[in-house]
Amino acid sequence: MNRFVQAVLPADPDLRAELRLGLLRILVVANLLLGFLYLSWRYTATINWAAWPIAIGLVIAETYSYIDAWLFGLTLWRLKQRGEPPPPPPNATVDVFITCYNEPVEIVRRTAIAARDIRYPHRTYLLDDGDSPAMRAMAEEIGIGYLVRSEEWRGKQRHAKAGNLNNALCQTNGEFILVLDADQIPSPDILDRTLGYFADDRVALVQTPQWFYNVPPDDPLGSQAPLFYGPIMQGKDGWNAAFFCGSNAVLRREALMQIGIANYVRDLELRVQRALRTANALLRRAARQVQTLEDSAIRSAINDLQAAVRTSRRMLREGRPIQEVTWYFQQCAAAAARPLVAEDLARLRAEVATIPGLDKDEDLTTNLSWSLDDETILRELTIRERSPLAAIAAVRELLLAVDVDRADEAQPVMPIATISVTEDMATAMRLHAAGWRSVYHDEILARGLAPEDLRSALQQRLRWAQGTIQVMLRENPLFAPGLRLGQRLMYFATMWSYLSGFFSVIYLSAPILYLIFGMLPVRTQAEEFFWRLVPYLITNELVFAVAGWKRATWRGRQYSLALFPLWIQAVISAIGNVYAGRPLGFVVTPKVRQGGMHIWRQLRLVRIQVITMVLLTLAAIWGLTRLALGIQTDGIPTLVNVFWIGYDLLMLSVVIDAALYQPEEREQPTLIAATAA
Amino acid sequence: MALQSEPGDDGITVVRMDGRLDLLTAPEVKQQLAELIASGHRQLIFDLDRVSFVDSSGLGALISGLKAARQAGGDLRIARANHQVRTLLNLTMLERILRPYETIEEARAGYSQIAAD
């Protein structure tokens, strides 16, 4: 087959790429058309109402898959094969960031040395979120910069890797930033091959593939993503929607800072508006509290604050800048607190005066009364959290919220988005929404370590899925302002694909329900069913075959079905996180094998898949037995379902391989570095 | 590159700089603003008249200055921004927070004008 294709196709790579794209488009159109015909027939003529739960469920699952086919088809429609990159600019300044968090020093050292030795002039920094002395010593030893969180982060939300990058952005000043995970060993020419794209000054991001050198050719854990780092990203690139994947990418600082500032503005406006909106109720409650205390000074201060809230809201409505509104409010709050502070000071002075023997020490007396009279003290004690009014918790919240600062954040400007555990995708979406462009350069320029055991691989997949769903729930690309329609659909496509878990359950349960309980979801003649369904499925396979030409895409497709419990868990936990504030349990993917797991414990990780496989097998045996014994007379539905089960088992079996996988002992670091270079 | 500061009788300090406020100069400006505020100059006006170019890292430095000033009970205002700076303030929407005052006097008046109108 391969040789035949080689002989038929022209030698010119550009022409070949064009032919491939043409063929892909024909196949996509054929597939979507056949799918439309099939699905409309399914809806109108085949639903078996007698078994309605599974009948409806199945047709919904098929609709999900059909929409997925549309999104995949749209992605491929603009597949962009960029070829040779433009030459790099002569004098760009570049910072190379290596993010690490408690990885083994030797792994990071290899990356750090390779990063230092990148050919294009640059500065290299190790961003150590583990703050470890060994890492610092290593950075000094090999002569690269070393950054940890600044003082401002103490006691504030850390935001994991996004926070680490934001902290480093504030402490460096290169025009471009190459981001590398701790294990991603860059080629010496990584910058020479990517910086040229920034000649277009609207380009904010150049992403290159992630590829792992510790994965055997059959890739039992499905670590390589050749379909994603290939046709899918190339297709997104065609729609100017290739997104940041967290590592092996170059970013433009100006673009990051711009979206960081725009986001600071948006966040602050919302914060101030919300605080002022709820302020009336808050202050009324506070007033009721002090009424019982019979403290008229505090009550009148609260009255003053209420007036200030009213005026501030009016100023906001008139479109006055936040700075002026919040300044006005803070000044009013300080003025309101002033009599209270003055009262306290007077009391303090009176107490000091009664200390026996104090009047003999003239120096101390003058000092004390001087400092107590000092105007600055009065002012110091009236602002924000130092104000006596802040003792009332609700008022304290208000004083902090109606200001120009995000009091709970370490830095006002956060260029890398912090709304999701997959900060990369959220950041790219904001860049695109602000009108920036991105590039996907399809050449392996860094080589990393994939997780080597099932548990770590599953954790990694779970985190990606959770993060993607978080972004979908917090900043849904279908509605986020600023994106073009194609970009919306490209982001949505990735999110949509993570919803597959629920529909996989339907696909997997349908043959069991039929063979054991006789619930037939589709009511039709076998012949008609075949000639409508089979061409649709065949064109679908052909789309995958041409899109993933010479790439091993089968593993990825197996995992997308086989990890269905994980996808479901990801969606549910992300919903719980976004709407109920439940923690996701962020985990950094371990780069070294989590040793010593017994095979049964490995299998426990995929017990749902194992149980499903047992049920499917039992159902197939049951159905075939009934057929053999003549209890079931119509053979076609049974055979179709058994065939279907065979396919499911083939897909699910990947998790058994993964659980049994024992990687070879790690080679010597020098050997790995040599193969990676 | 250094900021020149000119304290006034009214407690307001005018800060000036020459040249570009960009990713190269921003860290130093941020540092110097922080020191100025720590030394008691809480109410600042950043005069951009002789600043030829500002990028978003430069705006970042102004935002940190604003934050530091507010935490000390003061404020930071900007005045006399050129066309390029106004375009960037518009693009990043920062003008919704920081009003670019036309003149130093206007910025100064903004401090005393506590009433909303």
# chains A, B, ... in the order shown; residues from 1 in each chain; ligands from 1
$ closest_atom_pairs --of "chain B" --to "chain A" --cutoff "6 Å" --atoms "only C-alpha atoms" --output "Markdown table"
| residue | atom | partner | partner_atom | distance |
| --- | --- | --- | --- | --- |
| B:Leu23 | CA | A:Asn173 | CA | 5.5 |
| B:Ser56 | CA | A:Met257 | CA | 5.6 |
| B:Lys67 | CA | A:Asp405 | CA | 5.9 |
| B:Gly73 | CA | A:Ile383 | CA | 5.9 |
| B:Thr92 | CA | A:Ala262 | CA | 4.8 |
| B:Met93 | CA | A:Ala262 | CA | 5.8 |
| B:Arg96 | CA | A:Pro321 | CA | 4.9 |
| B:Ile97 | CA | A:Ile322 | CA | 4.5 |
| B:Leu98 | CA | A:Gln323 | CA | 5.8 |
| B:Ile114 | CA | A:Tyr328 | CA | 5.8 |
$ write_last_selection --atoms "C-alpha atoms" --output "PDB file, in the first residue's frame"
ATOM      1  CA  LEU B  23      10.630  46.092  29.183  1.00  0.00           C
ATOM      2  CA  SER B  56       2.878  46.952  28.436  1.00  0.00           C
ATOM      3  CA  LYS B  67      -0.538  49.408  44.174  1.00  0.00           C
ATOM      4  CA  GLY B  73      -2.527  55.432  51.778  1.00  0.00           C
ATOM      5  CA  THR B  92      -5.259  47.248  27.215  1.00  0.00           C
ATOM      6  CA  MET B  93      -8.364  49.018  28.611  1.00  0.00           C
ATOM      7  CA  ARG B  96     -10.736  52.504  32.614  1.00  0.00           C
ATOM      8  CA  ILE B  97      -8.573  52.510  35.726  1.00  0.00           C
ATOM      9  CA  LEU B  98      -5.835  55.088  35.173  1.00  0.00           C
ATOM     10  CA  ILE B 114     -12.682  64.787  46.933  1.00  0.00           C
TER      11      ILE B 114
END
$ residues_around --residues "B:Leu33" --least-positions-apart "6" --cutoff "12 Å" --atoms "only C-alpha atoms" --output "ChimeraX atom specification"
/B:2-5,13-17,26-27,39-46,61-69,75-76
$ write_last_selection --atoms "C-alpha atoms" --output "CSV table (one decimal), in the first residue's frame"
chain,number,residue,atom,x,y,z
B,2,ALA,CA,16.7,57.5,36.8
B,3,LEU,CA,13.4,59.0,37.9
B,4,GLN,CA,13.6,62.7,38.9
B,5,SER,CA,11.2,63.5,41.7
B,13,THR,CA,5.4,64.6,44.3
B,14,VAL,CA,5.8,64.9,40.6
B,15,VAL,CA,7.9,62.1,39.0
B,16,ARG,CA,9.6,62.6,35.7
B,17,MET,CA,11.7,60.4,33.4
B,26,ALA,CA,10.4,48.9,33.7
B,27,PRO,CA,12.1,46.8,36.5
B,39,SER,CA,10.5,57.1,51.8
B,40,GLY,CA,7.2,58.9,52.4
B,41,HIS,CA,6.2,60.3,49.0
B,42,ARG,CA,2.7,58.8,48.9
B,43,GLN,CA,0.9,61.0,46.5
B,44,LEU,CA,2.6,60.8,43.1
B,45,ILE,CA,2.0,62.2,39.7
B,46,PHE,CA,4.0,60.5,36.9
B,61,ALA,CA,5.6,49.1,36.4
B,62,LEU,CA,3.0,51.9,36.7
B,63,ILE,CA,0.4,49.5,38.1
B,64,SER,CA,2.8,48.2,40.7
B,65,GLY,CA,3.6,51.8,41.6
B,66,LEU,CA,-0.2,52.5,42.0
B,67,LYS,CA,-0.5,49.4,44.2
B,68,ALA,CA,2.4,50.4,46.4
B,69,ALA,CA,1.1,54.0,46.7
B,75,ASP,CA,-2.1,57.3,45.0
B,76,LEU,CA,-0.3,57.5,41.6
$ select_by_dssp --residues "stretch 238-302 of chain A" --states "helix (DSSP H, G or I)" --output "ChimeraX atom specification"
/A:238,253-291,296-302
$ write_last_selection --atoms "C-alpha atoms" --output "compact mmCIF listing (two decimals), in the first residue's frame"
# COMPACT_ATOMS: atom_id res chain seq x y z
CA GLY A 238 -5.13 26.95 9.82
CA ARG A 253 6.28 39.11 26.31
CA GLU A 254 4.43 42.19 25.02
CA ALA A 255 1.41 40.04 24.14
CA LEU A 256 1.39 38.30 27.51
CA MET A 257 1.67 41.57 29.41
CA GLN A 258 -1.11 43.13 27.36
CA ILE A 259 -3.58 40.37 28.10
CA GLY A 260 -2.38 40.37 31.71
CA ILE A 261 -3.21 44.06 32.03
CA ALA A 262 -6.51 43.75 30.18
CA ASN A 263 -7.45 40.95 32.52
CA TYR A 264 -6.44 42.98 35.57
CA VAL A 265 -8.73 45.77 34.36
CA ARG A 266 -11.66 43.43 33.74
CA ASP A 267 -11.23 41.67 37.05
CA LEU A 268 -10.92 44.91 38.97
CA GLU A 269 -14.01 46.48 37.38
CA LEU A 270 -16.07 43.43 38.26
CA ARG A 271 -14.68 43.37 41.78
CA VAL A 272 -15.40 47.03 42.48
CA GLN A 273 -18.85 46.89 40.90
CA ARG A 274 -19.79 43.80 42.87
CA ALA A 275 -18.45 45.23 46.12
CA LEU A 276 -20.36 48.49 45.73
CA ARG A 277 -23.51 46.66 44.70
CA THR A 278 -23.55 44.53 47.82
CA ALA A 279 -22.20 47.30 50.06
CA ASN A 280 -25.59 48.69 51.08
CA ALA A 281 -26.79 45.40 52.48
CA LEU A 282 -23.46 44.87 54.20
CA LEU A 283 -23.47 48.26 55.83
CA ARG A 284 -27.09 47.93 56.95
CA ARG A 285 -26.16 44.70 58.68
CA ALA A 286 -23.12 46.34 60.26
CA ALA A 287 -25.27 49.23 61.45
CA ARG A 288 -27.67 46.82 63.15
CA GLN A 289 -24.75 45.16 64.92
CA VAL A 290 -23.44 48.39 66.39
CA GLN A 291 -26.88 49.65 67.32
CA SER A 296 -22.87 56.52 68.20
CA ALA A 297 -19.42 57.29 66.79
CA ILE A 298 -19.29 54.02 64.90
CA ARG A 299 -22.88 54.42 63.79
CA SER A 300 -22.21 57.81 62.30
CA ALA A 301 -19.06 56.47 60.60
CA ILE A 302 -21.18 53.77 58.98
$ select_by_dssp --residues "chain B" --states "strand (DSSP E or B)" --output "list in words"
Gln4, Ser5, Glu6, Pro7, Ile12, Thr13, Val14, Val15, Arg16, Gly19, Arg20, Leu21, Gln43, Leu44, Ile45, Phe46, Asp47, Val51, Ser52, Phe53, Val54, Asp75, Leu76, Arg77, Ile78, Ala79, Pro100 and Tyr101 of chain B
$ atom_distance --atom1 "atom CA of A:Arg437" --atom2 "atom CA of A:Val203"
4.4 Å
$ closest_residue --among "A:Trp49, A:Phe212, A:Trp567, A:Trp41" --to "A:Pro451" --atoms "only C-alpha atoms"
A:Phe212
$ residues_around --residues "stretch 568-581 of chain A" --least-positions-apart "4" --cutoff "10 Å" --atoms "only C-alpha atoms" --output "list in words"
Ile419, Ser420, Arg461, Leu462, Arg463, Trp464, Ala465, Gln466, Gly467, Thr468, Ile469, Gln470, Val471, Met472, Leu473, Arg474, Tyr498, Leu499, Ser500, Gly501, Phe502, Phe503, Ser504, Val505, Leu563, Phe564 and Gly585 of chain A
$ write_last_selection --atoms "N, CA and C atoms" --output "CSV table (one decimal), in the first residue's frame"
chain,number,residue,atom,x,y,z
A,419,ILE,N,-7.1,30.8,35.7
A,419,ILE,CA,-8.4,30.3,36.0
A,419,ILE,C,-8.5,28.8,35.9
A,420,SER,N,-7.4,28.1,35.5
A,420,SER,CA,-7.5,26.7,35.2
A,420,SER,C,-6.2,26.0,35.6
A,461,ARG,N,-3.5,12.6,32.4
A,461,ARG,CA,-4.6,12.7,31.5
A,461,ARG,C,-5.8,13.4,32.3
A,462,LEU,N,-6.0,13.0,33.5
A,462,LEU,CA,-7.1,13.6,34.3
A,462,LEU,C,-6.9,15.1,34.5
A,463,ARG,N,-5.6,15.5,34.7
A,463,ARG,CA,-5.4,16.9,34.9
A,463,ARG,C,-5.7,17.7,33.7
A,464,TRP,N,-5.3,17.2,32.5
A,464,TRP,CA,-5.5,17.9,31.2
A,464,TRP,C,-7.0,18.0,31.0
A,465,ALA,N,-7.7,16.9,31.2
A,465,ALA,CA,-9.2,16.9,31.0
A,465,ALA,C,-9.9,17.9,31.9
A,466,GLN,N,-9.5,17.8,33.2
A,466,GLN,CA,-10.1,18.7,34.2
A,466,GLN,C,-9.9,20.2,33.8
A,467,GLY,N,-8.6,20.5,33.4
A,467,GLY,CA,-8.3,21.8,33.1
A,467,GLY,C,-9.1,22.3,31.9
A,468,THR,N,-9.2,21.5,30.9
A,468,THR,CA,-9.9,21.9,29.7
A,468,THR,C,-11.4,22.2,30.0
A,469,ILE,N,-12.0,21.3,30.9
A,469,ILE,CA,-13.4,21.5,31.2
A,469,ILE,C,-13.5,22.8,32.1
A,470,GLN,N,-12.6,23.0,32.9
A,470,GLN,CA,-12.6,24.3,33.7
A,470,GLN,C,-12.6,25.5,32.8
A,471,VAL,N,-11.8,25.5,31.8
A,471,VAL,CA,-11.8,26.6,30.9
A,471,VAL,C,-13.1,26.8,30.2
A,472,MET,N,-13.7,25.6,29.8
A,472,MET,CA,-15.0,25.6,29.1
A,472,MET,C,-16.1,26.3,30.0
A,473,LEU,N,-16.0,25.9,31.3
A,473,LEU,CA,-17.0,26.4,32.2
A,473,LEU,C,-16.8,27.9,32.6
A,474,ARG,N,-15.5,28.3,32.7
A,474,ARG,CA,-15.2,29.6,33.2
A,474,ARG,C,-15.2,30.7,32.1
A,498,TYR,N,-13.6,15.9,25.2
A,498,TYR,CA,-13.4,15.4,26.6
A,498,TYR,C,-14.8,15.0,27.2
A,499,LEU,N,-15.9,15.3,26.6
A,499,LEU,CA,-17.2,14.9,27.1
A,499,LEU,C,-17.5,13.4,26.7
A,500,SER,N,-16.6,12.8,26.0
A,500,SER,CA,-17.0,11.5,25.4
A,500,SER,C,-17.3,10.4,26.4
A,501,GLY,N,-16.8,10.5,27.6
A,501,GLY,CA,-17.0,9.5,28.6
A,501,GLY,C,-18.4,9.0,28.8
A,502,PHE,N,-19.3,10.0,28.9
A,502,PHE,CA,-20.7,9.7,29.1
A,502,PHE,C,-21.3,8.9,28.0
A,503,PHE,N,-20.9,9.3,26.8
A,503,PHE,CA,-21.5,8.6,25.6
A,503,PHE,C,-20.9,7.2,25.4
A,504,SER,N,-19.6,7.1,25.8
A,504,SER,CA,-19.0,5.8,25.7
A,504,SER,C,-19.7,4.8,26.6
A,505,VAL,N,-20.2,5.2,27.8
A,505,VAL,CA,-21.0,4.3,28.6
A,505,VAL,C,-22.2,3.8,27.9
A,563,LEU,N,-10.4,5.2,28.4
A,563,LEU,CA,-10.3,6.0,29.6
A,563,LEU,C,-11.7,6.6,30.0
A,564,PHE,N,-12.8,6.0,29.5
A,564,PHE,CA,-14.1,6.7,29.7
A,564,PHE,C,-14.3,7.0,31.2
A,585,GLY,N,-7.5,18.8,43.5
A,585,GLY,CA,-6.3,18.0,43.9
A,585,GLY,C,-5.3,18.0,42.8
$ residues_around --residues "stretch 82-87 of chain B" --least-positions-apart "4" --cutoff "7 Å" --atoms "only C-alpha atoms" --output "count of residues only"
3
